Each structure stands twice: as C-alpha cells, then as structure tokens.
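K.L.:
Below is the file protein.csv, which contains CSV, C-alpha atoms and all ligand atoms.
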```csv
chain,number,residue,atom,x,y,z
A,1338,MET,CA,90.0,139.4,152.3
A,1339,ILE,CA,89.0,139.2,156.0
A,1340,PHE,CA,89.0,135.6,157.2
A,1341,ARG,CA,88.5,134.2,160.7
A,1342,GLN,CA,88.4,130.6,161.8
A,1343,LEU,CA,86.3,130.3,164.9
A,1344,PHE,CA,86.2,127.3,167.2
A,1345,ASP,CA,83.5,125.8,169.4
A,1346,SER,CA,85.3,123.5,171.8
A,1347,VAL,CA,82.2,121.7,173.0
A,1348,SER,CA,81.4,120.2,169.6
A,1349,GLY,CA,84.8,120.6,168.0
A,1350,THR,CA,83.2,122.7,165.3
A,1351,TYR,CA,84.9,125.3,163.1
A,1352,SER,CA,83.0,128.3,161.9
A,1353,TYR,CA,84.3,130.7,159.3
A,1354,LEU,CA,83.7,134.4,159.0
A,1355,LEU,CA,84.5,135.9,155.5
A,1356,ALA,CA,84.4,139.4,154.0
A,1357,SER,CA,86.2,141.2,151.3
A,1358,ARG,CA,86.9,144.4,153.3
A,1359,ARG,CA,86.3,146.2,156.5
A,1360,GLY,CA,83.0,148.0,156.4
A,1361,GLY,CA,81.6,145.5,153.9
A,1362,GLU,CA,79.3,142.5,153.8
A,1363,ALA,CA,80.2,139.3,155.6
A,1364,LEU,CA,79.1,135.7,155.6
A,1365,ILE,CA,79.5,133.0,158.1
A,1366,ILE,CA,79.8,129.3,157.5
A,1367,ASP,CA,78.6,126.7,160.0
A,1368,PRO,CA,77.8,128.9,163.0
A,1369,VAL,CA,77.1,127.3,166.4
A,1370,LEU,CA,74.1,128.6,168.4
A,1371,GLU,CA,76.0,129.0,171.7
A,1372,LYS,CA,78.7,131.2,170.0
A,1373,VAL,CA,76.3,133.6,168.2
A,1374,ASP,CA,77.0,136.5,170.6
A,1375,ARG,CA,80.7,136.0,170.1
A,1376,TYR,CA,80.3,136.1,166.3
A,1377,LEU,CA,78.3,139.3,166.4
A,1378,GLN,CA,80.8,140.9,168.7
A,1379,LEU,CA,83.5,140.1,166.1
A,1380,VAL,CA,81.3,141.3,163.3
A,1381,GLY,CA,80.9,144.6,165.1
A,1382,GLU,CA,84.6,144.9,166.0
A,1383,LEU,CA,85.6,144.4,162.3
A,1384,ASP,CA,82.9,146.9,161.2
A,1385,LEU,CA,81.2,144.2,159.1
A,1386,ARG,CA,77.5,143.6,158.1
A,1387,LEU,CA,76.5,140.0,158.3
A,1388,VAL,CA,74.3,139.3,155.3
A,1389,LYS,CA,74.5,135.5,154.9
A,1390,ALA,CA,74.7,132.6,157.4
A,1391,VAL,CA,75.4,129.2,155.7
A,1392,ASP,CA,75.4,125.6,156.9
A,1393,THR,CA,77.4,123.1,154.8
A,1394,HIS,CA,74.9,120.4,155.9
A,1395,LEU,CA,72.4,119.5,158.6
A,1396,HIS,CA,74.5,119.1,161.7
A,1397,ALA,CA,74.0,116.2,164.2
A,1398,ASP,CA,76.4,117.3,166.9
A,1399,HIS,CA,75.4,120.9,167.6
A,1400,ILE,CA,72.5,123.3,167.1
A,1401,THR,CA,73.0,125.7,164.3
A,1402,GLY,CA,73.3,129.4,164.8
A,1403,LEU,CA,71.4,130.2,161.6
A,1404,GLY,CA,68.0,131.0,163.3
A,1405,ALA,CA,69.5,133.2,166.0
A,1406,LEU,CA,71.7,135.1,163.5
A,1407,ARG,CA,68.6,135.6,161.3
A,1408,ASP,CA,66.7,136.9,164.2
A,1409,LYS,CA,69.5,139.3,165.4
A,1410,THR,CA,70.8,140.5,162.0
A,1411,HIS,CA,68.1,139.8,159.4
A,1412,CYS,CA,70.7,137.9,157.4
A,1413,VAL,CA,69.8,135.4,154.7
A,1414,THR,CA,70.0,131.8,155.8
A,1415,VAL,CA,71.5,129.5,153.2
A,1416,MET,CA,71.8,125.7,152.7
A,1417,GLY,CA,71.7,123.3,149.7
A,1418,GLU,CA,68.5,122.6,147.9
A,1419,GLN,CA,68.2,119.1,149.5
A,1420,THR,CA,67.9,120.4,153.0
A,1421,LYS,CA,65.0,119.6,155.2
A,1422,ALA,CA,65.7,122.5,157.6
A,1423,ASP,CA,62.9,125.0,157.8
A,1424,VAL,CA,65.1,127.9,158.7
A,1425,VAL,CA,66.6,128.2,155.2
A,1426,SER,CA,65.6,131.2,153.2
A,1427,MET,CA,67.9,130.7,150.2
A,1428,ARG,CA,68.8,127.3,148.7
A,1429,LEU,CA,71.8,126.6,146.6
A,1430,ALA,CA,72.5,123.9,143.9
A,1431,ASP,CA,75.7,122.5,142.4
A,1432,GLY,CA,77.2,125.1,140.1
A,1433,ASP,CA,75.7,128.1,141.9
A,1434,LYS,CA,77.7,130.9,143.4
A,1435,LEU,CA,77.5,131.8,147.1
A,1436,ALA,CA,78.1,135.5,146.8
A,1437,ILE,CA,78.4,138.6,149.0
A,1438,GLU,CA,80.0,142.0,148.1
A,1439,GLY,CA,83.5,141.3,146.7
A,1440,LEU,CA,83.4,137.5,147.2
A,1441,ALA,CA,81.9,134.7,145.2
A,1442,LEU,CA,82.4,131.1,146.4
A,1443,ASP,CA,81.8,128.2,143.9
A,1444,VAL,CA,79.1,125.8,145.2
A,1445,ILE,CA,79.6,122.1,144.8
A,1446,TYR,CA,77.3,119.3,145.9
A,1447,THR,CA,79.4,116.8,147.8
A,1448,PRO,CA,77.0,114.3,149.4
A,1449,GLY,CA,78.1,111.2,151.3
A,1450,HIS,CA,78.4,112.3,154.9
A,1451,THR,CA,74.8,113.5,154.6
A,1452,ASP,CA,72.6,113.8,151.5
A,1453,ASP,CA,72.6,117.6,151.9
A,1454,SER,CA,76.4,118.2,152.1
A,1455,TYR,CA,77.9,121.0,150.1
A,1456,SER,CA,81.5,122.4,149.8
A,1457,PHE,CA,82.3,126.0,149.0
A,1458,ILE,CA,85.4,127.0,147.0
A,1459,LEU,CA,87.5,130.1,146.7
A,1460,PRO,CA,90.6,130.2,144.4
A,1461,ASP,CA,93.0,129.3,147.2
A,1462,ARG,CA,90.8,127.3,149.7
A,1463,VAL,CA,87.9,125.0,150.1
A,1464,PHE,CA,85.4,124.7,152.9
A,1465,THR,CA,84.6,121.0,153.0
A,1466,GLY,CA,82.1,120.7,155.8
A,1467,ASP,CA,82.3,117.1,157.1
A,1468,THR,CA,82.9,115.6,153.6
A,1469,LEU,CA,86.7,115.8,153.9
A,1470,LEU,CA,88.3,116.3,157.3
A,1471,ILE,CA,92.0,116.6,158.2
A,1472,ARG,CA,93.4,113.1,158.1
A,1473,GLY,CA,89.8,111.8,158.2
A,1474,THR,CA,86.4,111.9,156.4
A,1475,GLY,CA,82.9,112.5,157.8
A,1476,ARG,CA,81.1,109.4,158.9
A,1477,THR,CA,78.5,108.0,156.5
A,1478,ASP,CA,76.3,105.9,158.8
A,1479,PHE,CA,73.3,108.2,159.5
A,1480,GLN,CA,71.3,111.1,158.0
A,1481,ASN,CA,71.1,109.3,154.6
A,1482,GLY,CA,74.9,109.1,154.5
A,1483,ASP,CA,76.4,107.0,151.7
A,1484,PRO,CA,80.1,105.9,151.5
A,1485,ARG,CA,79.9,105.5,147.7
A,1486,GLN,CA,78.6,109.0,147.2
A,1487,GLN,CA,81.2,110.3,149.6
A,1488,TYR,CA,84.0,108.5,147.6
A,1489,GLU,CA,82.7,110.2,144.5
A,1490,SER,CA,82.5,113.6,146.2
A,1491,ILE,CA,86.1,113.3,147.5
A,1492,PHE,CA,87.9,111.5,144.7
A,1493,GLY,CA,85.7,112.9,141.8
A,1494,ARG,CA,85.4,116.5,143.0
A,1495,LEU,CA,87.5,117.7,146.0
A,1496,LEU,CA,90.8,115.9,145.2
A,1497,LYS,CA,90.6,117.3,141.6
A,1498,LEU,CA,91.3,120.8,143.1
A,1499,PRO,CA,94.9,122.0,142.9
A,1500,ASP,CA,97.2,120.3,145.4
A,1501,GLU,CA,98.0,123.6,147.1
A,1502,THR,CA,94.3,124.4,147.8
A,1503,LEU,CA,93.8,124.9,151.6
A,1504,ILE,CA,91.2,122.7,153.3
A,1505,TYR,CA,89.1,124.2,156.0
A,1506,PRO,CA,86.8,121.5,157.5
A,1507,ALA,CA,83.7,121.9,159.7
A,1508,HIS,CA,85.3,119.9,162.5
A,1509,ASP,CA,88.5,118.7,164.1
A,1510,TYR,CA,88.9,116.9,167.4
A,1511,LYS,CA,92.7,116.9,167.6
A,1512,GLY,CA,93.4,120.6,167.2
A,1513,GLU,CA,94.4,120.6,163.6
A,1514,THR,CA,93.2,123.7,161.9
A,1515,VAL,CA,94.0,123.6,158.2
A,1516,SER,CA,95.4,121.2,155.6
A,1517,THR,CA,95.8,121.1,151.8
A,1518,ILE,CA,94.5,118.8,149.1
A,1519,GLY,CA,98.0,117.5,148.3
A,1520,GLU,CA,98.6,116.8,152.0
A,1521,GLU,CA,95.4,114.9,152.4
A,1522,LYS,CA,96.0,112.9,149.2
A,1523,ALA,CA,99.3,111.8,150.6
A,1524,PHE,CA,98.6,111.3,154.3
A,1525,ASN,CA,94.9,110.9,155.0
A,1526,PRO,CA,94.7,107.2,155.9
A,1527,ARG,CA,91.1,106.9,154.5
A,1528,LEU,CA,92.2,108.1,151.1
A,1529,GLN,CA,95.0,105.5,150.7
A,1530,VAL,CA,92.5,103.1,149.0
A,1531,LYS,CA,92.7,101.5,145.5
A,1532,SER,CA,89.0,101.4,144.8
A,1533,MET,CA,85.5,102.6,145.8
A,1534,ASP,CA,84.8,99.2,147.3
A,1535,GLU,CA,87.8,99.4,149.6
A,1536,TYR,CA,86.7,102.8,150.8
A,1537,VAL,CA,83.2,101.6,151.4
A,1538,GLU,CA,84.6,98.6,153.4
A,1539,ILE,CA,86.5,101.0,155.7
A,1540,MET,CA,83.5,103.4,156.2
A,1541,ASN,CA,81.1,100.5,156.9
A,1542,ASN,CA,83.3,99.2,159.7
A,1543,LEU,CA,84.0,102.3,161.8
A,1544,LYS,CA,81.7,101.2,164.5
A,1545,LEU,CA,81.2,104.7,165.9
A,1546,SER,CA,78.7,105.5,168.5
A,1547,ASN,CA,76.1,108.2,167.7
A,1548,PRO,CA,77.1,111.8,168.6
A,1549,LYS,CA,76.0,112.8,172.1
A,1550,MET,CA,73.8,115.6,170.8
A,1551,MET,CA,72.3,113.8,167.9
A,1552,ASP,CA,68.8,113.1,169.3
A,1553,VAL,CA,68.6,116.8,170.2
A,1554,ALA,CA,70.5,118.5,167.4
A,1555,VAL,CA,69.0,116.9,164.3
A,1556,PRO,CA,65.3,117.6,165.2
A,1557,ALA,CA,66.2,121.1,166.5
A,1558,ASN,CA,68.1,121.9,163.3
A,1559,MET,CA,65.2,120.8,161.1
A,1560,LYS,CA,62.7,122.9,163.0
A,1561,VAL,CA,64.3,126.2,163.9
A,1562,GLY,CA,61.1,128.0,163.1
A,1563,LEU,CA,59.8,130.2,160.4
A,1564,HIS,CA,59.4,133.9,160.5
A,1565,GLN,CA,56.5,133.5,158.1
A,1566,ASP,CA,54.1,132.1,160.7
A,1567,ASP,CA,54.4,135.2,162.9
A,1568,ILE,CA,53.9,137.4,159.9
A,1569,ALA,CA,50.8,135.4,158.9
A,1570,GLY,CA,49.4,135.8,162.4
A,1571,ARG,CA,49.6,139.6,162.1
A,1572,GLY,CA,47.6,139.5,158.8
A,1573,TRP,CA,50.5,140.5,156.6
A,1574,SER,CA,50.6,137.4,154.4
A,1575,VAL,CA,48.9,136.8,151.1
A,1576,THR,CA,48.5,133.2,149.8
A,1577,ALA,CA,49.9,132.5,146.3
A,1578,GLU,CA,46.3,131.9,145.2
A,1579,ALA,CA,45.2,135.3,146.4
A,1580,ALA,CA,48.3,136.9,144.9
A,1581,LEU,CA,47.3,135.6,141.5
A,1582,GLU,CA,44.5,138.2,141.6
A,1583,LEU,CA,46.8,141.0,142.4
A,1584,VAL,CA,49.3,140.7,139.5
A,1585,GLY,CA,49.0,143.5,137.0
A,1586,ARG,CA,46.8,145.7,139.2
A,1587,PRO,CA,47.8,149.3,139.1
A,1588,ASP,CA,47.6,149.7,142.8
A,1589,VAL,CA,50.0,146.9,143.6
A,1590,ALA,CA,53.8,146.9,143.3
A,1591,LEU,CA,55.4,143.4,143.3
A,1592,ILE,CA,58.9,143.3,144.6
A,1593,ASP,CA,61.3,140.4,144.0
A,1594,LEU,CA,63.9,140.1,146.7
A,1595,ARG,CA,65.9,137.3,145.2
A,1596,GLU,CA,69.3,137.3,143.7
A,1597,ASN,CA,69.9,137.2,139.9
A,1598,SER,CA,70.9,133.5,140.0
A,1599,GLU,CA,67.6,132.5,141.6
A,1600,ARG,CA,65.6,134.7,139.2
A,1601,GLU,CA,67.3,133.1,136.2
A,1602,ARG,CA,66.8,129.5,137.5
A,1603,HIS,CA,63.1,129.8,138.6
A,1604,GLY,CA,61.7,132.8,136.6
A,1605,VAL,CA,60.1,136.1,137.6
A,1606,ILE,CA,56.5,137.1,138.3
A,1607,PRO,CA,55.5,139.4,135.4
A,1608,GLY,CA,55.9,143.1,136.2
A,1609,ALA,CA,57.9,142.7,139.4
A,1610,ILE,CA,60.5,145.2,140.5
A,1611,HIS,CA,63.9,143.6,141.3
A,1612,LEU,CA,65.3,144.7,144.7
A,1613,PRO,CA,67.7,142.2,146.2
A,1614,TYR,CA,67.1,141.6,149.9
A,1615,PRO,CA,70.5,143.1,151.1
A,1616,ARG,CA,69.5,146.4,149.7
A,1617,LEU,CA,66.1,146.5,151.3
A,1618,GLN,CA,66.8,148.6,154.3
A,1619,GLU,CA,68.0,151.7,152.3
A,1620,ASN,CA,64.9,151.4,150.1
A,1621,ILE,CA,62.3,151.3,152.8
A,1622,ALA,CA,63.7,154.0,155.0
A,1623,ALA,CA,62.2,157.5,154.6
A,1624,GLY,CA,63.5,159.0,151.4
A,1625,GLY,CA,64.2,155.5,150.0
A,1626,MET,CA,62.7,154.4,146.7
A,1627,LEU,CA,60.0,152.0,148.0
A,1628,HIS,CA,59.1,154.3,150.9
A,1629,GLU,CA,58.4,157.1,148.4
A,1630,LEU,CA,56.7,154.8,145.9
A,1631,ALA,CA,54.2,153.7,148.6
A,1632,ARG,CA,53.8,157.2,150.0
A,1633,SER,CA,53.4,159.1,146.7
A,1634,THR,CA,51.4,156.6,144.6
A,1635,GLY,CA,49.5,154.8,147.4
A,1636,LYS,CA,50.6,151.5,145.8
A,1637,ARG,CA,50.5,148.5,148.1
A,1638,LEU,CA,53.8,146.7,148.3
A,1639,LEU,CA,53.8,142.9,147.8
A,1640,PHE,CA,57.2,141.3,148.5
A,1641,TYR,CA,58.2,137.8,147.4
A,1642,CYS,CA,61.3,135.6,147.5
A,1643,ALA,CA,62.1,131.9,147.0
A,1644,PHE,CA,60.2,130.4,150.0
A,1645,GLY,CA,58.8,133.4,151.8
A,1646,GLU,CA,61.4,133.8,154.5
A,1647,ARG,CA,63.2,136.8,153.2
A,1648,SER,CA,59.9,138.4,152.2
A,1649,ALA,CA,58.5,137.8,155.7
A,1650,MET,CA,61.5,139.7,157.1
A,1651,ALA,CA,61.0,142.4,154.5
A,1652,VAL,CA,57.3,142.9,155.5
A,1653,GLN,CA,58.3,143.3,159.1
A,1654,ALA,CA,61.0,145.8,158.2
A,1655,ALA,CA,58.7,147.8,155.9
A,1656,GLN,CA,56.0,147.8,158.6
A,1657,ASP,CA,58.6,149.1,161.1
A,1658,ALA,CA,59.5,151.8,158.6
A,1659,GLY,CA,55.9,152.9,158.5
A,1660,ILE,CA,54.7,151.3,155.3
A,1661,ALA,CA,51.5,149.9,156.6
A,1662,SER,CA,50.4,148.4,153.2
A,1663,ALA,CA,53.4,146.0,153.0
A,1664,ARG,CA,52.5,142.3,152.5
A,1665,HIS,CA,54.3,139.3,151.2
A,1666,ILE,CA,53.5,136.1,149.3
A,1667,HIS,CA,53.5,133.3,151.8
A,1668,GLY,CA,55.7,130.4,150.6
A,1669,GLY,CA,57.3,132.6,147.9
A,1670,ILE,CA,58.0,131.4,144.4
A,1671,ASP,CA,57.8,127.8,145.6
A,1672,ALA,CA,54.1,128.3,146.5
A,1673,TRP,CA,53.5,130.5,143.4
A,1674,LYS,CA,54.6,127.6,141.1
A,1675,LYS,CA,52.4,125.2,143.0
A,1676,ALA,CA,49.5,127.6,142.4
A,1677,ASP,CA,50.3,127.7,138.6
A,1678,GLY,CA,51.2,131.3,138.8
A,1679,PRO,CA,52.7,132.8,135.6
A,1680,LEU,CA,56.5,133.2,135.4
A,1681,VAL,CA,58.7,134.9,132.8
A,1682,HIS,CA,62.2,133.6,132.1
B,1701,FE,FE,78.2,116.6,160.2
```
Mind turning this structure into structure tokens?

P.N.:
Amino acid sequence: MIFRQLFDSVSGTYSYLLASRRGGEALIIDPVLEKVDRYLQLVGELDLRLVKAVDTHLHADHITGLGALRDKTHCVTVMGEQTKADVVSMRLADGDKLAIEGLALDVIYTPGHTDDSYSFILPDRVFTGDTLLIRGTGRTDFQNGDPRQQYESIFGRLLKLPDETLIYPAHDYKGETVSTIGEEKAFNPRLQVKSMDEYVEIMNNLKLSNPKMMDVAVPANMKVGLHQDDIAGRGWSVTAEAALELVGRPDVALIDLRENSERERHGVIPGAIHLPYPRLQENIAAGGMLHELARSTGKRLLFYCAFGERSAMAVQAAQDAGIASARHIHGGIDAWKKADGPLVH
C-alpha cells in the first residue's frame, strides 16, 4: 500500500493519501485547500490517479480541498450522508465501504465532535477525524457536537478495535503523528473516566475559544459550489420530471454512474446501463463504448448519479469528447425519487 501522511502547519491538519499500488487509483482524506497543488504534485510523482477526495466531517478550522481537487482532477467528492456540504457527490453511511482499486475502508459513523463525523478503517489502522485525537478528543461544543454521542462513538466503536490498531487523526497541535488504540486507552487523559456522565462533565468544561477560522471556514465548506449549476446554464441538464418522459425511449441511453453499493441501497432506473464514474473517460473517448454507441445509433446519452454532481462532470467530459447529445438528470436519483420516478431493486 502507498500511504502518505501530509501536514498543514497553519491549521494543524493531517491529510492522508492512500493507494494500493503505483500507477493505480488513489484517495485523499481531509485535504486542505491551500495544499492542493502539493497533493497533486505528489500524486503525479507517485504516478497515481486521484479518484476520491473525502472529508471525515465538516471542518471549522480550514477550508476543504474537496472542491479544488474535484475541479482539477474530476475526482468524486465524498462525505457522510448527514453532511450539509454542497460539494459532495457521493454520500456514505455506517456500514458502507469507501473503495478504490485494491483498497476498501470500512465506514463507521462516529458522531459527537460534529453530527457528520465518520471514521474509516483498514485492517491495521483507523482514520478517526476529530473524534479521537492523540491524547485528546475533538471538542463537542459547536456544529451539533454532543459529548454523549462522542462517548458512544469512542467507547462503543473505536476502542472496540484491536489494541494494536494504528490511529491517524485529522489534527495534532503538538507534533504527534500516530498512536494506537491500546496506547490511547491507557494514556489518553480524557478516556480515563468511569462513566459517560464523567466524560460529559469534562467535555462541557473545556472552555475553549472558537477556532480562528470558524466564521470563514464553516460557511465556505458548506457552499463550495456545485458543478451542476454551470451545466444547467449551458442547457445540458434535464429535470427529473422531464427525464420521466425519456425512460424507455429507443433513442435515449440512460447511464448510471454510481457504484454498486449505491445502486443496491437506492435502486436503479429501469433500463439503465451501469458505468461507474471512474471508468467514464475510457468509454467516452473515440473508440470507447459510449462514444461508438452515440455515434452509430444516434442515441442521446442521459447520465445520472446520486445527486447530479458526478453526472454533471460526465456531461462536461462527454461534450468535450464530441458527444453533443450528452445530458444529465439534474439532482440525480435524489431528485428522481422526489419526482416519484420508477426504480428497480
Ligand atoms: Fe473538526
């Protein structure tokens, strides 16, 4: 496995670049906007292809790199399903897998620091976001934080992992880089409590000032901006209501860009072709399956995904590849469900 721990000294944030091999797909956890060029340089040096950028939760102390990475690499942007961030194109839930080629992280919902906090687990390590820090825990006094939920997330989920599991947090302010579950159980001062009430008492009396960046970072991270609005402006969007009329027509090919886990959870529009977003580029290039389908049959391509973000990027890419008929369903399956569109499971 390729694994890099990257540091932003301004906010004390750790970001993590993961891939299974040189030349393969990569994902990045908790990227910082100001460091995006550095990440992309490293991705290039290691001969990787960034396909997913993930935030463990909505950050209050720095602006996320998710939007810039999406714009520069067309990667999928990922957060938990509770997120209020508009940049997210794939939403995870407890029990899902966060997968790229050769790597699958278990997704667990660990609220408490915020109500959208997730942790990601590999067999030997866990990325804890700000839920569990090295000799500390994430504050619970804003962003719908809740010390009781955090106690459950830590004691009920994270500390149940094997003692030798490595802990990689989203922040450290003292220069610590990694710990283990066993070490934190023994030496993290906030975990030396006998009850949930005792933990809550500690967390409710920290008297911390708000992060310097909070008033800037939280709104900025919620409104990074949608690709879909540009695509709609160019006339390449179809509303879910209008798309209802197109299903089953012989001159329309519906293309589902989601992953299997999303298709199983939310259902599939009848008759759609499955083409996961990471494989789009090879299919729309000249000689690719979709390119030839559009050219030889005259079928119009209608992309869709979960919320319309990946499909908006697909329309742009297809148009760039000369497929002028490419459109997408604005708002994705989410909008399709609201329009009472049929789904098969
Ligand atoms: Fe945080």

K.L.:
What is the distance, in Å and to one decimal place, between atom CA of Leu1355 of chain A and atom CA of His1611 of chain A?

P.N.:
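One can read the atom CA of Leu1355 of chain A to atom CA of His1611 of chain A distance as 26.2 Å.
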
K.L.:
For ligand FE 1701 (chain B), list the contacting residues at 8 Å or closer, counting only C-alpha atoms and all ligand atoms, as a ChimeraX atom specification.

P.N.:
/A:1394-1398,1450-1451,1466-1467,1475-1476,1507

K.L.:
What's the 8 Å shell around Gly1417 of chain A, counting all atoms listed in the file, without same-chain residues fewer than 6 positions away, as a list in words?

P.N.:
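Using all atoms listed in the file, the neighbours found are Thr1393, His1394, Arg1428, Leu1429, Ala1430, Tyr1446, Asp1453, Ser1454 and Tyr1455 of chain A.
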
K.L.:
From the list A:Gly1402, A:Gly1519, A:Pro1587, A:Gly1449, which residue is nearest Ala1554 of chain A when using only C-alpha atoms?

P.N.:
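Checking each of A:Gly1402, A:Gly1519, A:Pro1587, A:Gly1449 against Ala1554 of chain A, counting only C-alpha atoms, the winner is A:Gly1402.
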
K.L.:
For the point (78.5, 126.0, 166.6) in the file's frame, write as JSON, numbers by chain all residues with an atom no more than 7 Å away, counting all atoms listed in the file.

P.N.:
{"A": [1345, 1350, 1352, 1367, 1368, 1369, 1370, 1371, 1372, 1399, 1400, 1401, 1402]}

K.L.:
Using all atoms listed in the file, which of A:Ser1546, A:Glu1619, A:Leu1503, A:Asp1433 sits nearest Glu1601 of chain A?

P.N.:
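That would be A:Asp1433, the residue with the smallest distance to Glu1601 of chain A.
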
K.L.:
Rank nothing, just name the residue among A:Asp1483, A:Glu1362, A:Asp1588, A:Glu1629 nearest to Met1540 of chain A, using all atoms listed in the file.

P.N.:
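The shortest atom-to-atom distance to Met1540 of chain A comes from A:Asp1483.
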
K.L.:
One decimal, in Å: what's the spacing between atom CA of Arg1632 of chain A and atom CA of Ser1662 of chain A?

P.N.:
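Rounded to one decimal, the two atoms are 10.0 Å apart.
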